[in-house]
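final_6.cif follows (mmCIF, C-alpha atoms):
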```cif
data_input
#
loop_
_atom_site.label_atom_id
_atom_site.label_comp_id
_atom_site.auth_asym_id
_atom_site.auth_seq_id
_atom_site.Cartn_x
_atom_site.Cartn_y
_atom_site.Cartn_z
CA MET A 1249 -45.54 63.76 61.15
CA THR A 1250 -42.99 63.34 63.89
CA VAL A 1251 -40.64 60.34 64.00
CA HIS A 1252 -40.63 59.02 67.55
CA THR A 1253 -38.09 56.88 69.40
CA VAL A 1254 -38.85 53.28 70.28
CA GLU A 1255 -37.20 51.79 73.35
CA TYR A 1256 -36.96 48.02 73.67
CA ILE A 1257 -36.21 46.40 77.04
CA ARG A 1258 -35.71 42.64 76.99
CA TYR A 1259 -36.10 40.72 80.23
CA ARG A 1260 -35.39 37.16 81.27
CA ILE A 1261 -37.63 36.47 84.25
CA PRO A 1262 -37.70 33.05 85.97
CA GLU A 1263 -41.16 31.60 85.49
CA ARG A 1264 -41.74 31.44 89.25
CA GLN A 1265 -41.40 35.25 89.35
CA SER A 1266 -43.48 36.03 86.27
CA ALA A 1267 -46.73 36.72 88.12
CA GLU A 1268 -45.00 39.25 90.39
CA PHE A 1269 -43.23 40.78 87.38
CA LEU A 1270 -46.49 41.25 85.49
CA ALA A 1271 -48.16 42.73 88.56
CA ALA A 1272 -45.29 45.19 89.02
CA TYR A 1273 -45.47 46.32 85.42
CA THR A 1274 -49.24 46.64 85.63
CA ARG A 1275 -48.67 49.19 88.40
CA ALA A 1276 -45.73 50.82 86.60
CA ALA A 1277 -47.82 51.14 83.44
CA ALA A 1278 -50.05 53.68 85.15
CA LEU A 1279 -47.01 55.95 85.46
CA LEU A 1280 -46.10 55.50 81.80
CA ALA A 1281 -49.68 56.35 80.87
CA ALA A 1282 -49.40 59.58 82.86
CA ALA A 1283 -46.09 60.63 81.26
CA PRO A 1284 -46.44 63.25 78.50
CA GLN A 1285 -43.20 61.92 76.97
CA CYS A 1286 -44.72 58.46 76.45
CA VAL A 1287 -46.67 57.80 73.25
CA ASP A 1288 -47.57 54.17 73.91
CA TYR A 1289 -46.22 50.97 75.44
CA GLU A 1290 -46.67 47.20 75.30
CA LEU A 1291 -45.26 44.29 77.27
CA ALA A 1292 -45.09 41.02 75.32
CA ARG A 1293 -44.22 37.51 76.50
CA CYS A 1294 -42.43 34.91 74.39
CA GLU A 1295 -44.61 31.96 73.41
CA GLU A 1296 -41.67 29.58 72.92
CA ASP A 1297 -39.92 30.47 76.19
CA PHE A 1298 -42.10 31.94 78.93
CA GLU A 1299 -39.09 33.43 80.70
CA HIS A 1300 -38.53 36.03 77.95
CA PHE A 1301 -40.39 39.34 77.93
CA VAL A 1302 -40.01 42.39 75.67
CA LEU A 1303 -41.23 45.82 76.74
CA ARG A 1304 -41.74 48.30 73.91
CA ILE A 1305 -42.11 51.97 74.83
CA THR A 1306 -42.56 54.68 72.21
CA TRP A 1307 -41.18 58.01 73.42
CA THR A 1308 -41.63 61.41 71.82
CA SER A 1309 -37.81 61.45 71.58
CA THR A 1310 -34.80 59.87 73.27
CA GLU A 1311 -34.05 63.20 74.95
CA ASP A 1312 -37.61 63.44 76.24
CA HIS A 1313 -37.22 60.00 77.78
CA ILE A 1314 -33.83 60.58 79.40
CA GLU A 1315 -34.08 64.27 80.29
CA GLY A 1316 -37.85 64.42 80.64
CA PHE A 1317 -39.35 61.26 82.06
CA ARG A 1318 -36.31 60.10 84.02
CA LYS A 1319 -36.08 63.50 85.74
CA SER A 1320 -39.82 63.83 86.33
CA GLU A 1321 -41.73 63.24 89.53
CA LEU A 1322 -43.21 60.09 88.00
CA PHE A 1323 -39.91 58.28 87.58
CA PRO A 1324 -39.07 57.45 91.25
CA ASP A 1325 -42.33 55.53 91.66
CA PHE A 1326 -41.85 53.85 88.27
CA LEU A 1327 -38.31 52.82 89.22
CA ALA A 1328 -39.47 51.51 92.58
CA GLU A 1329 -41.84 49.09 90.83
CA ILE A 1330 -39.32 47.72 88.34
CA ARG A 1331 -36.14 47.92 90.45
CA PRO A 1332 -36.29 44.23 91.52
CA TYR A 1333 -36.07 43.21 87.85
CA ILE A 1334 -33.29 45.50 86.60
CA SER A 1335 -30.70 42.75 86.95
CA SER A 1336 -32.86 40.60 84.63
CA ILE A 1337 -32.56 43.07 81.73
CA GLU A 1338 -30.73 41.60 78.71
CA GLU A 1339 -31.08 44.66 76.47
CA MET A 1340 -32.27 48.25 76.91
CA ARG A 1341 -31.79 50.45 73.83
CA HIS A 1342 -33.47 53.16 71.79
CA TYR A 1343 -34.34 52.61 68.12
CA LYS A 1344 -35.47 54.92 65.33
CA PRO A 1345 -37.99 53.48 62.81
CA THR A 1346 -36.74 53.09 59.24
CA THR A 1347 -38.68 53.57 56.02
CA VAL A 1348 -39.20 49.79 55.86
CA ARG A 1349 -42.68 49.51 57.26
CA GLY A 1350 -46.14 48.47 56.20
CA THR A 1351 -49.03 46.18 56.94
CA GLY A 1352 -49.84 42.65 55.92
CA ALA A 1353 -52.86 41.41 54.04
CA ALA A 1354 -54.76 40.29 57.15
CA VAL A 1355 -56.36 43.74 57.27
CA PRO A 1356 -57.06 45.21 53.81
CA THR A 1357 -55.96 48.75 53.09
CA LEU A 1358 -58.59 51.44 52.72
CA TYR A 1359 -57.42 51.63 49.09
CA ALA A 1360 -58.23 47.96 48.47
CA TRP A 1361 -61.50 48.16 50.42
CA ALA A 1362 -62.61 51.14 48.34
CA GLY A 1363 -61.97 49.29 45.08
CA GLY A 1364 -58.47 50.37 44.05
CA ALA A 1365 -57.41 52.82 41.36
CA GLU A 1366 -60.68 52.66 39.41
CA ALA A 1367 -62.68 53.64 42.50
CA PHE A 1368 -60.53 56.69 43.21
CA ALA A 1369 -60.63 57.73 39.55
CA ARG A 1370 -64.44 57.60 39.68
CA LEU A 1371 -64.37 59.52 42.95
CA THR A 1372 -62.29 62.44 41.70
CA GLU A 1373 -64.15 62.60 38.41
CA ALA A 1374 -67.47 62.87 40.23
CA PHE A 1375 -66.00 65.28 42.77
CA TYR A 1376 -64.56 67.83 40.34
CA GLU A 1377 -67.69 67.71 38.23
CA LYS A 1378 -69.51 68.94 41.33
CA VAL A 1379 -66.78 71.42 42.28
CA LEU A 1380 -66.81 73.24 38.96
CA LYS A 1381 -70.57 73.78 39.28
CA ASP A 1382 -70.46 74.90 42.90
CA ASP A 1383 -70.72 78.62 43.62
CA VAL A 1384 -68.47 78.35 46.70
CA LEU A 1385 -65.65 76.24 45.27
CA ALA A 1386 -65.67 77.02 41.55
CA PRO A 1387 -63.68 80.27 42.05
CA VAL A 1388 -60.98 78.36 43.96
CA PHE A 1389 -60.50 75.90 41.10
CA GLU A 1390 -60.80 78.36 38.25
CA GLY A 1391 -58.51 77.36 35.40
CA LEU A 1392 -58.24 73.79 36.69
CA ALA A 1393 -55.58 71.81 34.80
CA PRO A 1394 -57.02 68.84 32.85
CA GLU A 1395 -54.79 66.41 34.76
CA HIS A 1396 -55.69 67.77 38.22
CA ALA A 1397 -58.37 65.19 39.01
CA ALA A 1398 -56.08 62.33 37.98
CA HIS A 1399 -53.31 63.67 40.22
CA VAL A 1400 -55.69 63.91 43.18
CA ALA A 1401 -56.81 60.33 42.50
CA LEU A 1402 -53.17 59.23 42.73
CA TRP A 1403 -52.73 61.23 45.92
CA LEU A 1404 -55.79 59.77 47.63
CA GLY A 1405 -54.91 56.29 46.45
CA GLU A 1406 -51.44 56.53 47.99
CA VAL A 1407 -52.75 58.09 51.19
CA PHE A 1408 -55.21 55.25 51.66
CA GLY A 1409 -52.61 52.53 51.20
CA GLY A 1410 -52.28 52.16 47.44
CA PRO A 1411 -49.14 52.31 45.27
CA ALA A 1412 -46.74 55.24 45.62
CA ALA A 1413 -47.75 56.64 42.22
CA TYR A 1414 -48.12 60.23 43.45
CA SER A 1415 -44.73 60.23 45.17
CA GLU A 1416 -43.06 58.76 42.11
CA THR A 1417 -44.59 61.21 39.62
CA GLN A 1418 -45.31 64.37 41.63
CA GLY A 1419 -43.47 64.40 44.95
CA GLY A 1420 -44.23 64.03 48.65
CA HIS A 1421 -46.38 65.85 51.14
CA GLY A 1422 -44.41 69.07 50.68
CA HIS A 1423 -45.31 69.11 46.99
CA MET A 1424 -49.01 68.86 47.81
CA VAL A 1425 -48.69 71.63 50.41
CA THR A 1426 -47.24 74.04 47.83
CA LYS A 1427 -50.45 73.72 45.83
CA HIS A 1428 -52.30 75.49 48.67
CA LEU A 1429 -49.89 78.28 49.56
CA GLY A 1430 -51.43 81.73 49.31
CA LYS A 1431 -54.93 80.55 48.39
CA ASN A 1432 -56.47 81.72 51.69
CA ILE A 1433 -59.02 78.93 51.85
CA THR A 1434 -61.94 79.79 54.14
CA GLU A 1435 -63.74 77.55 56.60
CA VAL A 1436 -66.87 77.75 54.42
CA GLN A 1437 -64.89 76.52 51.43
CA ARG A 1438 -63.24 73.78 53.46
CA ARG A 1439 -66.57 72.51 54.76
CA ARG A 1440 -68.10 72.55 51.28
CA TRP A 1441 -65.09 70.56 49.97
CA VAL A 1442 -65.66 67.88 52.60
CA ASN A 1443 -69.38 67.71 51.92
CA LEU A 1444 -68.97 67.45 48.16
CA LEU A 1445 -66.33 64.75 48.58
CA GLN A 1446 -68.80 62.69 50.61
CA ASP A 1447 -71.47 63.21 47.96
CA ALA A 1448 -68.99 62.19 45.27
CA ALA A 1449 -68.13 59.04 47.23
CA ASP A 1450 -71.81 58.10 47.09
CA ASP A 1451 -72.00 58.82 43.37
CA ALA A 1452 -68.81 56.84 42.70
CA GLY A 1453 -70.11 53.81 44.57
CA LEU A 1454 -67.48 53.75 47.30
CA PRO A 1455 -68.27 51.44 50.25
CA THR A 1456 -70.85 52.79 52.66
CA ASP A 1457 -70.00 50.70 55.73
CA ALA A 1458 -69.51 52.75 58.88
CA GLU A 1459 -65.88 51.72 59.39
CA PHE A 1460 -64.72 52.77 55.92
CA ARG A 1461 -66.71 55.99 55.78
CA SER A 1462 -65.57 57.11 59.23
CA ALA A 1463 -61.91 56.66 58.21
CA PHE A 1464 -62.58 58.31 54.83
CA LEU A 1465 -64.23 61.32 56.47
CA ALA A 1466 -61.52 61.53 59.11
CA TYR A 1467 -58.89 61.97 56.41
CA ALA A 1468 -61.02 64.57 54.61
CA GLU A 1469 -61.32 66.56 57.84
CA TRP A 1470 -57.62 66.23 58.66
CA GLY A 1471 -56.40 67.05 55.18
CA THR A 1472 -58.68 70.03 54.60
CA ARG A 1473 -57.87 71.59 57.95
CA LEU A 1474 -54.18 71.40 57.11
CA ALA A 1475 -54.98 72.90 53.71
CA VAL A 1476 -56.65 75.88 55.40
CA TYR A 1477 -53.60 76.42 57.58
CA PHE A 1478 -51.06 76.12 54.76
CA SER A 1479 -53.11 78.40 52.53
CA GLY A 1480 -53.12 81.18 55.13
CA PRO A 1481 -50.83 84.19 55.50
CA ASP A 1482 -48.95 82.82 58.53
CA ALA A 1483 -48.25 79.36 57.10
CA VAL A 1484 -44.79 77.89 57.53
CA PRO A 1485 -44.22 75.28 54.80
CA PRO A 1486 -43.04 71.97 56.27
CA ALA A 1487 -39.79 70.27 55.43
CA GLU A 1488 -40.09 67.66 52.72
CA GLN A 1489 -42.13 64.76 54.09
CA PRO A 1490 -43.53 61.56 52.66
CA VAL A 1491 -47.17 61.25 51.67
CA PRO A 1492 -49.17 60.49 54.84
CA LYS A 1493 -50.46 56.95 55.21
CA TRP A 1494 -54.05 56.68 56.40
CA SER A 1495 -55.53 53.51 57.80
CA TRP A 1496 -58.48 52.36 59.84
CA GLY A 1497 -57.23 54.20 62.91
CA ALA A 1498 -56.50 57.87 63.54
CA MET A 1499 -53.55 60.25 63.27
CA PRO A 1500 -51.57 61.33 66.37
CA PRO A 1501 -51.73 64.95 67.54
CA TYR A 1502 -50.18 67.38 65.04
CA GLN A 1503 -46.67 68.63 65.78
CA PRO A 1504 -44.98 71.11 63.41
#
```
If you convert what's in this file into structure tokens, what do you get?
Amino acid sequence: MTVHTVEYIRYRIPERQSAEFLAAYTRAAALLAAAPQCVDYELARCEEDFEHFVLRITWTSTEDHIEGFRKSELFPDFLAEIRPYISSIEEMRHYKPTTVRGTGAAVPTLYAWAGGAEAFARLTEAFYEKVLKDDVLAPVFEGLAPEHAAHVALWLGEVFGGPAAYSETQGGHGHMVTKHLGKNITEVQRRRWVNLLQDAADDAGLPTDAEFRSAFLAYAEWGTRLAVYFSGPDAVPPAEQPVPKWSWGAMPPYQP
């Protein structure tokens, strides 16, 4: 879960030049899209004053931008497109995201869509009832603590956008990782875990719409594949990290 750098470039472009400016950045955008140091980008125009534009570029790091992109073969052509507008730049700085972030209520969280805490409690109850009867997974969970299912419900709830109950009572992502160290989880066990979780979601009455279930399954695949890695002999435990936040989209490529 890498923290990237966000560059903001603020322009003041006379309205008579705005069409040319947008055309130039449309061409320059193809070079950003080709740059391995660029995560994403967006050019926005002020509604109250059409002369103001803000370009947001997310870089893998400030160093990758300055030492990587600016010294790459892509940069001369990029600079040639935007050079006429450099004098119109009012700000050009790099920013690091803070922990103050979130989403509004316009798009419900997966947690809310699923039905909140009660839904995840039903899910884990149904899931571990299946697990303890399963010939593939029962040995992995032998001696399961009585509170295990409740802790996993808190974890999943937080992952899918609910309250930070797991972080507050158990710890962050690193704490969850330690639960898997040395267990040598196999691919067969991982796949069975995913399948039983989907069956438990049906039994618990979680939403069955395609959008929710695709995001739900995506997390199950992502999380269990990390679990296999961290349970193996060559695993390198990560530094302490917050609980991952899953939404309707997808995670970026993994970087240790």
Which value, in Å to one decimal, gives the distance between CA of Ser1495 (chain A) and CA of Phe1368 (chain A)? 15.7 Å
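Closest approach to Pro1262 (chain A) from the set A:Phe1298, A:Tyr1467, A:Trp1361, A:Phe1323 is made by A:Phe1298, with distances taken over all atoms listed in the file.
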Could you check the closest approach to Trp1307 (chain A) for each of A:Met1340, A:Ala1282, A:Ala1466, A:Val1254 and tell me which residue wins, using all atoms listed in the file?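 That would be A:Val1254, the residue with the smallest distance to Trp1307 (chain A).
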Once the PyMOL selection byres ((chain A and resi 1365) around 10) has been evaluated on this model, what residues remain selected, and can you format them as a count of residues only? 18
I need the residue nearest Thr1310 (chain A) from this list: A:Lys1344, A:Phe1326, A:Phe1478, A:Val1355. Use only C-alpha atoms for the distance.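 Looking only at the distances to Thr1310 (chain A), the closest residue turns out to be A:Lys1344.
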When you look at region 1384-1400 of chain A with a cut-off of 9 Å (counting only C-alpha atoms), what residues show up, excluding the ones that are within fewer than 6 positions of it in the same chain? I need them as a PyMOL selection string. chain A and resi 1368-1369+1372-1373+1375-1376+1378+1414+1418+1431+1433+1436-1438+1440-1441
Result set of the PyMOL selection byres ((chain A and resi 1342) around 6) on the coordinates above, as a PyMOL selection string: chain A and resi 1254-1255+1341+1343
Between CA of Ser1266 (chain A) and CA of His1313 (chain A), what distance in Å does the model show, to one decimal? 26.2 Å
Find, counting only C-alpha atoms, the residue in A:Val1251, A:Ala1412, A:Leu1327, A:Ala1267 that gets nearest to Val1287 (chain A).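 The answer is A:Val1251, which sits nearest to Val1287 (chain A).
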Min atom-atom distance to Ser1309 (chain A) from the set A:Asp1457, A:Ala1292, A:Pro1332, A:Pro1284, counting only C-alpha atoms, belongs to A:Pro1284
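Shortest atom-to-atom contact with Ile1305 (chain A) among A:Lys1381, A:Arg1258, A:Arg1439, A:Arg1473: A:Arg1258, counting all atoms listed in the file.
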Report the distance between CA of His1421 (chain A) and CA of Gly1471 (chain A) in Å, rounded to one decimal place.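 Interatomic distance, CA of His1421 (chain A) to CA of Gly1471 (chain A): 10.9 Å.
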Polymer residues at most 12 Å from Ile1334 (chain A), all atoms listed in the file, same-chain spacing of 5 or more positions, as a PDB file with C-alpha atoms, in the coordinates of the input:
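That gives us out_10.pdb:
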```pdb
ATOM      1  CA  ILE A1257     -36.210  46.400  77.040  1.00  0.00           C
ATOM      2  CA  ARG A1258     -35.710  42.640  76.990  1.00  0.00           C
ATOM      3  CA  TYR A1259     -36.100  40.720  80.230  1.00  0.00           C
ATOM      4  CA  ARG A1260     -35.390  37.160  81.270  1.00  0.00           C
ATOM      5  CA  ILE A1261     -37.630  36.470  84.250  1.00  0.00           C
ATOM      6  CA  PHE A1269     -43.230  40.780  87.380  1.00  0.00           C
ATOM      7  CA  LEU A1327     -38.310  52.820  89.220  1.00  0.00           C
ATOM      8  CA  ALA A1328     -39.470  51.510  92.580  1.00  0.00           C
ATOM      9  CA  GLU A1329     -41.840  49.090  90.830  1.00  0.00           C
ATOM     10  CA  GLU A1339     -31.080  44.660  76.470  1.00  0.00           C
ATOM     11  CA  MET A1340     -32.270  48.250  76.910  1.00  0.00           C
TER      12      MET A1340
END
```
Up to 7 Å from (-43.1, 63.9, 55.8) in the file's coordinates: name the residues, counting all atoms listed in the file, as a PyMOL selection string. chain A and resi 1249+1421+1488-1491
Quick one: which residues end up in the PyMOL selection byres ((chain A and resi 1351) around 12) for this structure, as a ChimeraX atom specification? /A:1348-1350,1352-1358,1409-1410,1493-1496
